[in-house]
Each structure stands twice: as C-alpha cells, then as structure tokens.
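One file, work_18.cif, is given below (mmCIF, C-alpha atoms and all ligand atoms).
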```cif
data_query
#
loop_
_atom_site.group_PDB
_atom_site.id
_atom_site.type_symbol
_atom_site.label_atom_id
_atom_site.label_comp_id
_atom_site.auth_asym_id
_atom_site.auth_seq_id
_atom_site.Cartn_x
_atom_site.Cartn_y
_atom_site.Cartn_z
ATOM 1 C CA MET F 219 21.885 154.034 134.684
ATOM 2 C CA GLY F 220 18.951 156.004 133.305
ATOM 3 C CA VAL F 221 21.077 159.079 132.666
ATOM 4 C CA PHE F 222 22.865 157.092 129.938
ATOM 5 C CA THR F 223 19.917 155.326 128.386
ATOM 6 C CA ASP F 224 16.617 157.177 128.998
ATOM 7 C CA THR F 225 17.493 160.111 126.746
ATOM 8 C CA THR F 226 20.195 160.896 124.191
ATOM 9 C CA HIS F 227 21.112 164.202 125.910
ATOM 10 C CA LEU F 228 24.365 162.978 127.422
ATOM 11 C CA HIS F 229 25.511 161.392 124.148
ATOM 12 C CA ILE F 230 24.659 164.569 122.220
ATOM 13 C CA PHE F 231 26.566 166.686 124.773
ATOM 14 C CA THR F 232 29.690 164.512 124.379
ATOM 15 C CA TRP F 233 29.845 164.574 120.575
ATOM 16 C CA VAL F 234 29.001 168.290 120.300
ATOM 17 C CA VAL F 235 31.848 169.142 122.708
ATOM 18 C CA GLY F 236 34.097 166.648 120.884
ATOM 19 C CA ILE F 237 33.526 168.230 117.479
ATOM 20 C CA ILE F 238 34.085 171.742 118.856
ATOM 21 C CA LEU F 239 37.369 170.657 120.506
ATOM 22 C CA PHE F 240 38.420 168.963 117.256
ATOM 23 C CA LEU F 241 37.775 172.124 115.205
ATOM 24 C CA ILE F 242 39.615 174.283 117.751
ATOM 25 C CA ALA F 243 42.641 171.940 117.791
ATOM 26 C CA ALA F 244 42.651 171.737 113.988
ATOM 27 C CA VAL F 245 42.994 175.510 113.548
ATOM 28 C CA MET F 246 45.538 175.986 116.358
ATOM 29 C CA ALA F 247 49.193 176.356 115.464
ATOM 30 C CA LYS F 248 51.047 173.042 115.363
ATOM 31 C CA GLY F 249 53.456 172.150 118.129
ATOM 32 C CA THR F 250 52.012 174.577 120.690
ATOM 33 C CA LYS F 251 51.240 173.540 124.239
ATOM 34 C CA GLY F 252 47.667 174.800 123.853
ATOM 35 C CA ARG F 253 47.001 172.521 120.909
ATOM 36 C CA LYS F 254 48.436 169.533 122.761
ATOM 37 C CA ILE F 255 46.165 170.198 125.732
ATOM 38 C CA VAL F 256 43.043 170.620 123.572
ATOM 39 C CA HIS F 257 43.943 167.388 121.740
ATOM 40 C CA MET F 258 44.367 165.596 125.080
ATOM 41 C CA ILE F 259 40.944 166.738 126.319
ATOM 42 C CA LEU F 260 39.485 165.738 122.930
ATOM 43 C CA ARG F 261 40.850 162.215 123.411
ATOM 44 C CA LEU F 262 39.062 162.030 126.750
ATOM 45 C CA PHE F 263 35.870 163.053 124.935
ATOM 46 C CA TYR F 264 36.383 160.263 122.367
ATOM 47 C CA ILE F 265 36.011 157.874 125.278
ATOM 48 C CA LEU F 266 32.943 159.688 126.621
ATOM 49 C CA ILE F 267 31.324 159.646 123.146
ATOM 50 C CA ILE F 268 31.960 155.909 122.815
ATOM 51 C CA VAL F 269 30.802 155.071 126.365
ATOM 52 C CA SER F 270 27.607 157.164 126.102
ATOM 53 C CA GLY F 271 26.906 155.705 122.639
ATOM 54 C CA ALA F 272 27.570 152.159 123.835
ATOM 55 C CA PHE F 273 25.053 152.503 126.683
ATOM 56 C CA LEU F 274 22.375 153.556 124.176
ATOM 57 C CA PHE F 275 23.482 150.799 121.829
ATOM 58 C CA PHE F 276 23.237 147.986 124.368
ATOM 59 C CA LYS F 277 19.872 149.188 125.646
ATOM 60 C CA TRP F 278 18.141 149.817 122.308
ATOM 61 C CA SER F 279 19.903 147.997 119.467
ATOM 62 C CA SER F 280 17.740 144.858 119.517
ATOM 63 C CA SER F 281 14.956 146.802 117.731
ATOM 64 C CA ASP F 282 17.076 147.216 114.585
ATOM 65 C CA ALA F 283 20.407 145.455 115.005
ATOM 66 C CA MET F 284 21.708 146.278 111.531
ATOM 67 C CA LEU F 285 21.078 150.021 111.562
ATOM 68 C CA TYR F 286 22.346 150.320 115.138
ATOM 69 C CA GLY F 287 25.429 148.330 114.125
ATOM 70 C CA ILE F 288 26.133 150.706 111.244
ATOM 71 C CA LYS F 289 25.546 153.718 113.546
ATOM 72 C CA PHE F 290 28.110 152.296 116.003
ATOM 73 C CA LEU F 291 30.664 151.740 113.235
ATOM 74 C CA MET F 292 30.152 155.157 111.636
ATOM 75 C CA GLY F 293 30.488 156.849 115.050
ATOM 76 C CA ILE F 294 33.822 155.126 115.617
ATOM 77 C CA LEU F 295 34.957 155.992 112.067
ATOM 78 C CA THR F 296 34.066 159.674 112.592
ATOM 79 C CA ILE F 297 36.249 159.711 115.707
ATOM 80 C CA GLY F 298 39.000 157.950 113.744
ATOM 81 C CA PHE F 299 38.975 160.616 111.026
ATOM 82 C CA MET F 300 39.143 163.423 113.607
ATOM 83 C CA GLU F 301 42.182 161.797 115.178
ATOM 84 C CA MET F 302 43.852 161.094 111.833
ATOM 85 C CA THR F 303 43.331 164.696 110.696
ATOM 86 C CA LEU F 304 45.063 166.069 113.800
ATOM 87 C CA VAL F 305 47.916 163.547 113.794
ATOM 88 C CA ARG F 306 48.572 164.017 110.068
ATOM 89 C CA GLN F 307 48.589 167.803 110.522
ATOM 90 C CA ASN F 308 51.209 167.356 113.256
ATOM 91 C CA LYS F 309 53.341 165.317 110.851
ATOM 92 C CA ASN F 310 52.858 167.826 107.995
ATOM 93 C CA LYS F 311 51.130 165.203 105.858
ATOM 94 C CA PRO F 312 48.235 166.065 103.489
ATOM 95 C CA VAL F 313 44.868 166.192 105.272
ATOM 96 C CA THR F 314 42.328 167.131 102.581
ATOM 97 C CA VAL F 315 41.160 163.538 102.165
ATOM 98 C CA MET F 316 40.832 163.175 105.948
ATOM 99 C CA TRP F 317 38.674 166.319 106.152
ATOM 100 C CA VAL F 318 36.399 165.028 103.400
ATOM 101 C CA LEU F 319 36.111 161.599 105.050
ATOM 102 C CA PHE F 320 35.430 163.280 108.398
ATOM 103 C CA PHE F 321 32.566 165.393 107.013
ATOM 104 C CA ILE F 322 30.999 162.490 105.104
ATOM 105 C CA SER F 323 31.158 160.124 108.074
ATOM 106 C CA LEU F 324 29.857 162.862 110.401
ATOM 107 C CA LEU F 325 26.858 163.498 108.136
ATOM 108 C CA VAL F 326 26.076 159.776 107.831
ATOM 109 C CA THR F 327 26.466 159.248 111.607
ATOM 110 C CA MET F 328 24.146 162.169 112.404
ATOM 111 C CA PHE F 329 21.626 161.048 109.806
ATOM 112 C CA LEU F 330 21.547 157.532 111.292
ATOM 113 C CA GLY F 331 21.344 158.875 114.864
ATOM 114 C CA PHE F 332 18.385 161.095 114.018
ATOM 115 C CA LYS F 333 16.761 158.308 112.017
ATOM 116 C CA LEU F 334 16.961 155.763 114.833
ATOM 117 C CA PRO F 335 13.990 155.763 117.214
ATOM 118 C CA VAL F 336 15.412 157.011 120.548
ATOM 119 C CA GLY F 337 15.659 160.773 121.150
ATOM 120 C CA MET F 338 15.110 163.181 118.266
ATOM 121 C CA LYS F 339 13.815 161.774 115.036
ATOM 122 C CA PHE F 340 14.180 163.999 111.982
ATOM 123 C CA PHE F 341 14.277 161.383 109.223
HETATM 124 C C1 LIG F 401 31.405 161.781 116.572
HETATM 125 C C2 LIG F 401 30.749 160.672 116.698
HETATM 126 C C3 LIG F 401 29.239 160.584 116.844
HETATM 127 C C4 LIG F 401 28.245 161.446 116.440
HETATM 128 C C5 LIG F 401 28.380 162.770 115.686
HETATM 129 C C6 LIG F 401 26.977 160.858 116.846
HETATM 130 C C7 LIG F 401 25.731 161.421 116.605
HETATM 131 C C8 LIG F 401 24.533 160.926 117.092
HETATM 132 C C9 LIG F 401 23.237 161.531 116.900
HETATM 133 C C10 LIG F 401 22.957 162.796 116.092
HETATM 134 C C11 LIG F 401 22.326 160.773 117.536
HETATM 135 C C12 LIG F 401 20.827 161.003 117.613
HETATM 136 C C13 LIG F 401 20.436 161.625 118.931
HETATM 137 C C14 LIG F 401 18.953 161.772 119.032
HETATM 138 O O1 LIG F 401 18.222 161.227 118.214
HETATM 139 O O2 LIG F 401 18.487 162.441 119.970
HETATM 140 C C15 LIG F 401 23.028 159.647 118.126
HETATM 141 C C16 LIG F 401 22.451 158.617 118.815
HETATM 142 C C17 LIG F 401 23.079 157.416 119.092
HETATM 143 N N1 LIG F 401 24.430 157.153 118.955
HETATM 144 FE FE1 LIG F 401 25.823 158.407 118.287
HETATM 145 N N2 LIG F 401 27.230 159.662 117.489
HETATM 146 C C18 LIG F 401 28.595 159.457 117.497
HETATM 147 C C19 LIG F 401 29.260 158.373 118.018
HETATM 148 C C20 LIG F 401 28.655 157.215 118.465
HETATM 149 C C21 LIG F 401 29.331 156.011 118.854
HETATM 150 C C22 LIG F 401 30.859 155.817 118.863
HETATM 151 C C23 LIG F 401 28.362 155.118 119.203
HETATM 152 C C24 LIG F 401 28.517 153.702 119.691
HETATM 153 C C25 LIG F 401 29.409 153.335 120.551
HETATM 154 C C26 LIG F 401 27.083 155.742 119.037
HETATM 155 C C27 LIG F 401 25.847 155.163 119.301
HETATM 156 C C28 LIG F 401 24.645 155.830 119.296
HETATM 157 C C29 LIG F 401 23.375 155.223 119.653
HETATM 158 C C30 LIG F 401 23.158 153.767 120.055
HETATM 159 C C31 LIG F 401 22.392 156.221 119.539
HETATM 160 C C32 LIG F 401 20.883 156.085 119.800
HETATM 161 C C33 LIG F 401 20.161 155.940 118.487
HETATM 162 C C34 LIG F 401 18.670 155.914 118.670
HETATM 163 O O3 LIG F 401 18.163 154.897 119.156
HETATM 164 O O4 LIG F 401 17.995 156.878 118.351
HETATM 165 N N3 LIG F 401 27.293 157.028 118.587
HETATM 166 N N4 LIG F 401 24.393 159.776 117.862
#
```

Output the structure of this file as structure tokens.
Amino acid sequence: MGVFTDTTHLHIFTWVVGIILFLIAAVMAKGTKGRKIVHMILRLFYILIIVSGAFLFFKWSSSDAMLYGIKFLMGILTIGFMEMTLVRQNKNKPVTVMWVLFFISLLVTMFLGFKLPVGMKFF
C-alpha cells in the first residue's frame, strides 16, 4: 500500500480537490442541481481525505502520537466545518462563524501537516 504511505502526494491531492469543490459549492446558487452534484462529489472526497490521512496516520503516528492525534482531529474538524457551512447555507442560517472556524481549523491542520515529519516540512 505504498501509494498511501510512502509519500503524502495522494493525501494532498484529496484535500486540495476537496477544498476547491467546497469553495465552488459555497458560491453556487442554493437549491440548484449543479450545487447538489458538487456537494455530493465533495462528500466522496471527504471519505478520500480521511482514508488517505488514516493510512499515513497508522503508518507514522507512533513517532509523535500526540501531534499526529491532534492532526487527525483537526483534519476531521476542518471537514466538519466545510459540511456545516454548506448545510447551513442551504437552510438559510448564518454561516459567518462557520467560515471563520473553517479557516482557522484549515490553517492549524495545514500547519500541523507541514510540521510533521513525512512529506514536506515547512515548520
Ligand atoms: C481538509 C482536511 C485536511 C487538510 C487540509 C490536511 C492537510 C495536510 C497537510 C498540509 C499535510 C502535510 C503534507 C506534507 O507534509 O507533505 C498533511 C499530512 C497528513 N495528514 Fe492531513 N489534512 C486533512 C485531513 C486529514 C485527516 C482527516 C487525517 C486523518 C485521518 C489526516 C492525517 C494526516 C497525516 C497522518 C499526515 C502525515 C503527517 C506527516 O507525517 O507529515 N489529515 N495533511
């Protein structure tokens, strides 16, 4: 299963596509078929992000269980805030707080990912 664990390329591909799909869905008009389809594909990418992240996690986390644990949690939270933003938009509920939480959790998740030893290391 080296494609999942030898490099972070697959994981990076999944979350980059996921974020792009999220931004596209978020600016599309509510209730349209197009938005529903983009949201559906995004949900598939949630799974791919989690699966590709979990492979890395189970292979490498023993080196720093706490930081890897927080990375895992923050990744899941980021996905949660994307989903909550879209669902709340659909229901015409306020989303400003969700956007802020999304950006904060995204920044923390990326910081932790680039800090951890596998793949790119910027921090
Ligand atoms: C939108 C959500 C996510 C974003 C933006 C994100 C971002 C990142 C980034 C920037 C990296 C560093 C890649 C590199 O150094 O080459 C990374 C690595 C990683 N991610 Fe995620 N991730 C997300 C979700 C997840 C989830 C849900 C999990 C766990 C199931 C996870 C587990 C990991 C692991 C274990 C690594 C390897 C860390 C290392 O050893 O360097 N990620 N992620």

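The residue that comes closest to Ser270 (chain F), out of F:Val315, F:Met338, F:Val221, F:Met302 and on the basis of only C-alpha atoms, is F:Val221.
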
(message) So that I can see what lies close to region 285-301 of chain F, please list as a list of chain:residue names the residues with an atom at most 7 Å from it, counting all atoms listed in the file and leaving out residues fewer than 2 positions away in the same chain.
(response) F:Phe240, F:Tyr264, F:Phe275, F:Ser279, F:Asp282, F:Ala283, F:Thr303, F:Leu304, F:Val305, F:Met316, F:Leu319, F:Phe320, F:Ser323, F:Leu324, F:Thr327, F:Leu330, F:Gly331

(request) For Val256 (chain F), list every protein, DNA or RNA residue within 9 Å, evaluated using all atoms listed in the file, and leave out those in the same chain fewer than 6 positions away; present the list as a PyMOL selection string. (result) chain F and resi 239-240+242-243

(request) Report the distance between atom FE1 of ligand LIG 401 (chain F) and CA of Ile238 (chain F) in Å, rounded to one decimal place. (result) 15.7 Å

(message) With all atoms listed in the file as the counted atoms, please give the residues lying no more than 7 Å from Thr232 (chain F), apart from itself and same-chain residues fewer than 6 positions off, as a PyMOL selection string.
(response) chain F and resi 263+266-267

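Closest to Val336 (chain F) among F:Phe222, F:Phe273, F:Phe231, F:Trp278 is F:Trp278, based on only C-alpha atoms.
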
Please put the answer as lines of an AutoDock Vina configuration file: centre and edge lengths, in Å with one decimal, of a box along x, y and z that encloses all listed atoms of ligand LIG 401 (chain F) plus 8 Å on each side.
```
center_x = 24.7
center_y = 158.1
center_z = 118.1
size_x = 29.4
size_y = 25.5
size_z = 20.9
```

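Relative to CA of Thr314 (chain F), atom C28 of ligand LIG 401 (chain F) is found at 26.8 Å.
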
(message) With distances taken over all atoms listed in the file, which residue among F:Val326, F:Ala272, F:Ile265, F:Val318 lies nearest ligand LIG 401 (chain F)?
(response) F:Ala272

At a cut-off of 12 Å around the point (50.0, 170.9, 119.4) (file coordinates), what residues fall inside when counting only C-alpha atoms? I'd like the answer as a compact mmCIF listing (two decimals) with C-alpha atoms, keeping the file's coordinate frame.
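Okay, this is what ended up in part_33.txt:
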```txt
# COMPACT_ATOMS: atom_id res chain seq x y z
CA PHE F 240 38.42 168.96 117.26
CA ILE F 242 39.62 174.28 117.75
CA ALA F 243 42.64 171.94 117.79
CA ALA F 244 42.65 171.74 113.99
CA VAL F 245 42.99 175.51 113.55
CA MET F 246 45.54 175.99 116.36
CA ALA F 247 49.19 176.36 115.46
CA LYS F 248 51.05 173.04 115.36
CA GLY F 249 53.46 172.15 118.13
CA THR F 250 52.01 174.58 120.69
CA LYS F 251 51.24 173.54 124.24
CA GLY F 252 47.67 174.80 123.85
CA ARG F 253 47.00 172.52 120.91
CA LYS F 254 48.44 169.53 122.76
CA ILE F 255 46.16 170.20 125.73
CA VAL F 256 43.04 170.62 123.57
CA HIS F 257 43.94 167.39 121.74
CA MET F 258 44.37 165.60 125.08
CA LEU F 304 45.06 166.07 113.80
CA VAL F 305 47.92 163.55 113.79
CA ARG F 306 48.57 164.02 110.07
CA GLN F 307 48.59 167.80 110.52
CA ASN F 308 51.21 167.36 113.26
CA LYS F 309 53.34 165.32 110.85
```

(request) Kindly give the distance, in Å, that separates CA of Phe332 (chain F) and atom O4 of ligand LIG 401 (chain F), rounded to a single decimal. (result) 6.1 Å

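When only C-alpha atoms and all ligand atoms are used to measure the gap to ligand LIG 401 (chain F), the shortest distance among F:Val235, F:Leu325, F:Leu260, F:Ile268 belongs to F:Ile268.
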
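Using only C-alpha atoms and all ligand atoms, the nearest neighbour of ligand LIG 401 (chain F) within the list F:Val313, F:Ile259, F:Leu274, F:Leu241 is F:Leu274.
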
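Minimum atom-to-atom distance to ligand LIG 401 (chain F), evaluated using only C-alpha atoms and all ligand atoms, belongs to F:Pro335 out of F:Asp224, F:Pro335, F:Leu262, F:Trp317.
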